[in-house]
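J.: Attaching a single structure in structure tokens format; questions to follow.
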Amino acid sequence: MIRSLSWISVGAMMVSGCAGPIETRVQTHQVIATGGPKQFIVTTKDTVENDNLALARDLVTKSLTERGYQSSPDASILVNVALAERPADIAIDAGDKDVVQSIATAKRQKRFQSCKDQEHRLTIILFDQTRGTKLYAGNAAEYHCNGTIKQSLPFLVKSALSGLDSNPTDSARSASHTRQGIE
């Protein structure tokens with residue numbers, strides 16, 4: 001009986017490395033209020049086009065429309081959508097030798113984890129082309145071992161746009177929340 005329970009415990013620990021809570025790390029910044037008509041156009045001028053990026057743009061367009069924004073070819077708000085997938089055990093820093101800022105820290109693999117994590121990261125930036133300034137920036141990131149970026153996208157879009165139309169601030173707001181899904 002005890003031997004059976006120990007094997008069940010080992011099996012449960014191995015499975016728990018791939019299923020369970022997923023932490024979504026979010027950073028949003030409403031730089032200035034969105035004035036005037038809320039009409040937008042999503043930029044499609046990227047060096048690399050793929051199905052996941054096209055899906056991300058579609059989900060962002062849908063979310064903005066649900067928030068009362070209107071898609072228009074003559075819009076003053078330009079929306080840029082960036083999507084990245086990278087090995088999570090690689091850190092990313094930006095800046096020069098005097099001022100370096102960590103964009104993403106390296107993640108250590110969990111105990112009993114059967115595969116290497118990937119980081120799924122979505123960045124959404126709204127620019128006011130008339131005023132020549134950034135209105136809003138939001139990014140959301142998650143680590144996944146078995147989950148695909150297509151499975152992550154609805155949650156990443158919702159999180160990255162979570163601070164849109166909030167009160168403008170001098171600095172970005174950071175938060176994290178947990179959801180269930182395929183890790």
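Every chain in the structure tokens has a letter given in the order shown (A, B, ...), and although residue numbers restart at 1 in each chain, ligands are simply numbered from 1 in the order shown.
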Could you pull out the strand (DSSP E or B) residues of chain A from DSSP and send them as a ChimeraX atom specification?

T.: /A:19-30,39-42,70-71,77-87,92-95,100-104,118-128,133-144,173-182

J.: Need to verify the contact set: segment 22-36 of chain A, 9 Å, only C-alpha atoms, exclusion of same-chain residues closer than 3 positions in sequence. Can you return it as a ChimeraX atom specification?

T.: /A:19,39,77,128,133-144,155-156,159-183

J.: Report as a compact mmCIF listing (two decimals) with N, CA and C atoms, in the first residue's frame: the residues of segment 96-164 of chain A with a DSSP assignment of alpha helix (DSSP H), based on the backbone of this structure.

T.:
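Saved result, states-v9.txt, follows:
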```
# COMPACT_ATOMS: atom_id res chain seq x y z
N ILE A 149 2.11 29.18 -28.37
CA ILE A 149 1.89 30.62 -28.38
C ILE A 149 0.45 30.94 -28.80
N LYS A 150 -0.14 30.11 -29.67
CA LYS A 150 -1.54 30.32 -30.06
C LYS A 150 -2.46 30.16 -28.86
N GLN A 151 -2.14 29.23 -27.97
CA GLN A 151 -2.95 29.05 -26.77
C GLN A 151 -2.78 30.23 -25.81
N SER A 152 -1.60 30.83 -25.80
CA SER A 152 -1.31 31.95 -24.89
C SER A 152 -1.89 33.27 -25.36
N LEU A 153 -2.00 33.46 -26.66
CA LEU A 153 -2.33 34.78 -27.21
C LEU A 153 -3.58 35.45 -26.63
N PRO A 154 -4.71 34.78 -26.49
CA PRO A 154 -5.87 35.49 -25.93
C PRO A 154 -5.59 36.08 -24.54
N PHE A 155 -4.85 35.36 -23.73
CA PHE A 155 -4.52 35.82 -22.38
C PHE A 155 -3.49 36.95 -22.42
N LEU A 156 -2.52 36.84 -23.34
CA LEU A 156 -1.50 37.88 -23.47
C LEU A 156 -2.11 39.19 -23.96
N VAL A 157 -3.02 39.12 -24.94
CA VAL A 157 -3.68 40.33 -25.45
C VAL A 157 -4.48 41.00 -24.35
N LYS A 158 -5.30 40.23 -23.65
CA LYS A 158 -6.11 40.79 -22.57
C LYS A 158 -5.23 41.47 -21.52
N SER A 159 -4.13 40.83 -21.16
CA SER A 159 -3.24 41.38 -20.14
C SER A 159 -2.50 42.62 -20.64
N ALA A 160 -1.98 42.56 -21.87
CA ALA A 160 -1.20 43.69 -22.40
C ALA A 160 -2.07 44.94 -22.58
```

J.: Just checking: using only C-alpha atoms, which residue out of A:Leu83, A:Val42, A:Val48, A:Leu64 ends up closest to Arg121 of chain A?

T.: A:Leu83

J.: So that I can see what lies close to Thr44 of chain A, please list as a PyMOL selection string the residues with an atom at most 12 Å from it, counting only C-alpha atoms and leaving out residues fewer than 3 positions away in the same chain.

T.: chain A and resi 41+47-50+53-54+56-58+78-82

J.: Please produce a file of the residues just selected, as an mmCIF file, in the first residue's frame, where the atoms kept are N, CA, C and O atoms.

T.:
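As a result, out-v9.cif now contains:
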```cif
data_model
loop_
_atom_site.group_PDB
_atom_site.id
_atom_site.type_symbol
_atom_site.label_atom_id
_atom_site.label_comp_id
_atom_site.auth_asym_id
_atom_site.auth_seq_id
_atom_site.Cartn_x
_atom_site.Cartn_y
_atom_site.Cartn_z
ATOM 1 N N ILE A 41 -5.355 52.155 -36.687
ATOM 2 C CA ILE A 41 -4.923 51.290 -37.778
ATOM 3 C C ILE A 41 -3.758 50.459 -37.236
ATOM 4 O O ILE A 41 -2.905 50.983 -36.523
ATOM 5 N N THR A 47 9.286 42.789 -40.634
ATOM 6 C CA THR A 47 10.258 42.060 -41.440
ATOM 7 C C THR A 47 9.898 40.586 -41.548
ATOM 8 O O THR A 47 10.173 39.959 -42.546
ATOM 9 N N VAL A 48 9.277 40.049 -40.517
ATOM 10 C CA VAL A 48 8.907 38.636 -40.523
ATOM 11 C C VAL A 48 7.412 38.513 -40.270
ATOM 12 O O VAL A 48 6.909 38.968 -39.251
ATOM 13 N N GLU A 49 6.713 37.919 -41.196
ATOM 14 C CA GLU A 49 5.271 37.710 -41.049
ATOM 15 C C GLU A 49 5.035 36.226 -40.798
ATOM 16 O O GLU A 49 5.644 35.379 -41.449
ATOM 17 N N ASN A 50 4.184 35.919 -39.847
ATOM 18 C CA ASN A 50 3.828 34.526 -39.595
ATOM 19 C C ASN A 50 2.401 34.444 -39.084
ATOM 20 O O ASN A 50 1.787 35.453 -38.764
ATOM 21 N N LEU A 53 1.722 35.964 -35.518
ATOM 22 C CA LEU A 53 1.670 37.421 -35.487
ATOM 23 C C LEU A 53 0.367 37.922 -36.105
ATOM 24 O O LEU A 53 -0.253 38.858 -35.594
ATOM 25 N N ALA A 54 -0.062 37.298 -37.180
ATOM 26 C CA ALA A 54 -1.338 37.671 -37.803
ATOM 27 C C ALA A 54 -2.491 37.439 -36.825
ATOM 28 O O ALA A 54 -3.395 38.279 -36.705
ATOM 29 N N ALA A 56 -2.241 37.432 -33.541
ATOM 30 C CA ALA A 56 -2.092 38.444 -32.491
ATOM 31 C C ALA A 56 -2.706 39.768 -32.934
ATOM 32 O O ALA A 56 -3.443 40.407 -32.179
ATOM 33 N N ARG A 57 -2.431 40.182 -34.163
ATOM 34 C CA ARG A 57 -3.014 41.432 -34.679
ATOM 35 C C ARG A 57 -4.534 41.359 -34.720
ATOM 36 O O ARG A 57 -5.219 42.320 -34.369
ATOM 37 N N ASP A 58 -5.067 40.215 -35.158
ATOM 38 C CA ASP A 58 -6.521 40.043 -35.209
ATOM 39 C C ASP A 58 -7.139 40.136 -33.815
ATOM 40 O O ASP A 58 -8.180 40.774 -33.634
ATOM 41 N N LEU A 78 -1.851 54.747 -34.461
ATOM 42 C CA LEU A 78 -1.146 53.644 -35.097
ATOM 43 C C LEU A 78 -0.845 52.596 -34.031
ATOM 44 O O LEU A 78 -0.259 52.918 -32.988
ATOM 45 N N VAL A 79 -1.243 51.355 -34.269
ATOM 46 C CA VAL A 79 -1.036 50.273 -33.313
ATOM 47 C C VAL A 79 0.057 49.353 -33.840
ATOM 48 O O VAL A 79 -0.027 48.853 -34.958
ATOM 49 N N ASN A 80 1.073 49.155 -33.023
ATOM 50 C CA ASN A 80 2.162 48.247 -33.366
ATOM 51 C C ASN A 80 2.073 47.028 -32.452
ATOM 52 O O ASN A 80 1.972 47.174 -31.231
ATOM 53 N N VAL A 81 2.110 45.841 -33.045
ATOM 54 C CA VAL A 81 2.023 44.589 -32.303
ATOM 55 C C VAL A 81 3.306 43.803 -32.547
ATOM 56 O O VAL A 81 3.689 43.572 -33.697
ATOM 57 N N ALA A 82 3.976 43.411 -31.478
ATOM 58 C CA ALA A 82 5.195 42.608 -31.584
ATOM 59 C C ALA A 82 5.009 41.335 -30.777
ATOM 60 O O ALA A 82 4.456 41.358 -29.670
#
```

J.: How many Å lie between atom CA of Thr130 of chain A and atom CA of Thr43 of chain A, rounded to one decimal?

T.: 15.7 Å

J.: Here is a test: counting only C-alpha atoms, which residue of A:Lys62, A:Val100, A:Gly147, A:Arg131 is nearest to Pro21 of chain A?

T.: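 Smallest distance to Pro21 of chain A is found for A:Gly147.
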
J.: One number please: atom CA of Thr123 of chain A to atom CA of Pro87 of chain A, in Å, one decimal.

T.: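 Value for the atom CA of Thr123 of chain A-atom CA of Pro87 of chain A distance: 17.4 Å.
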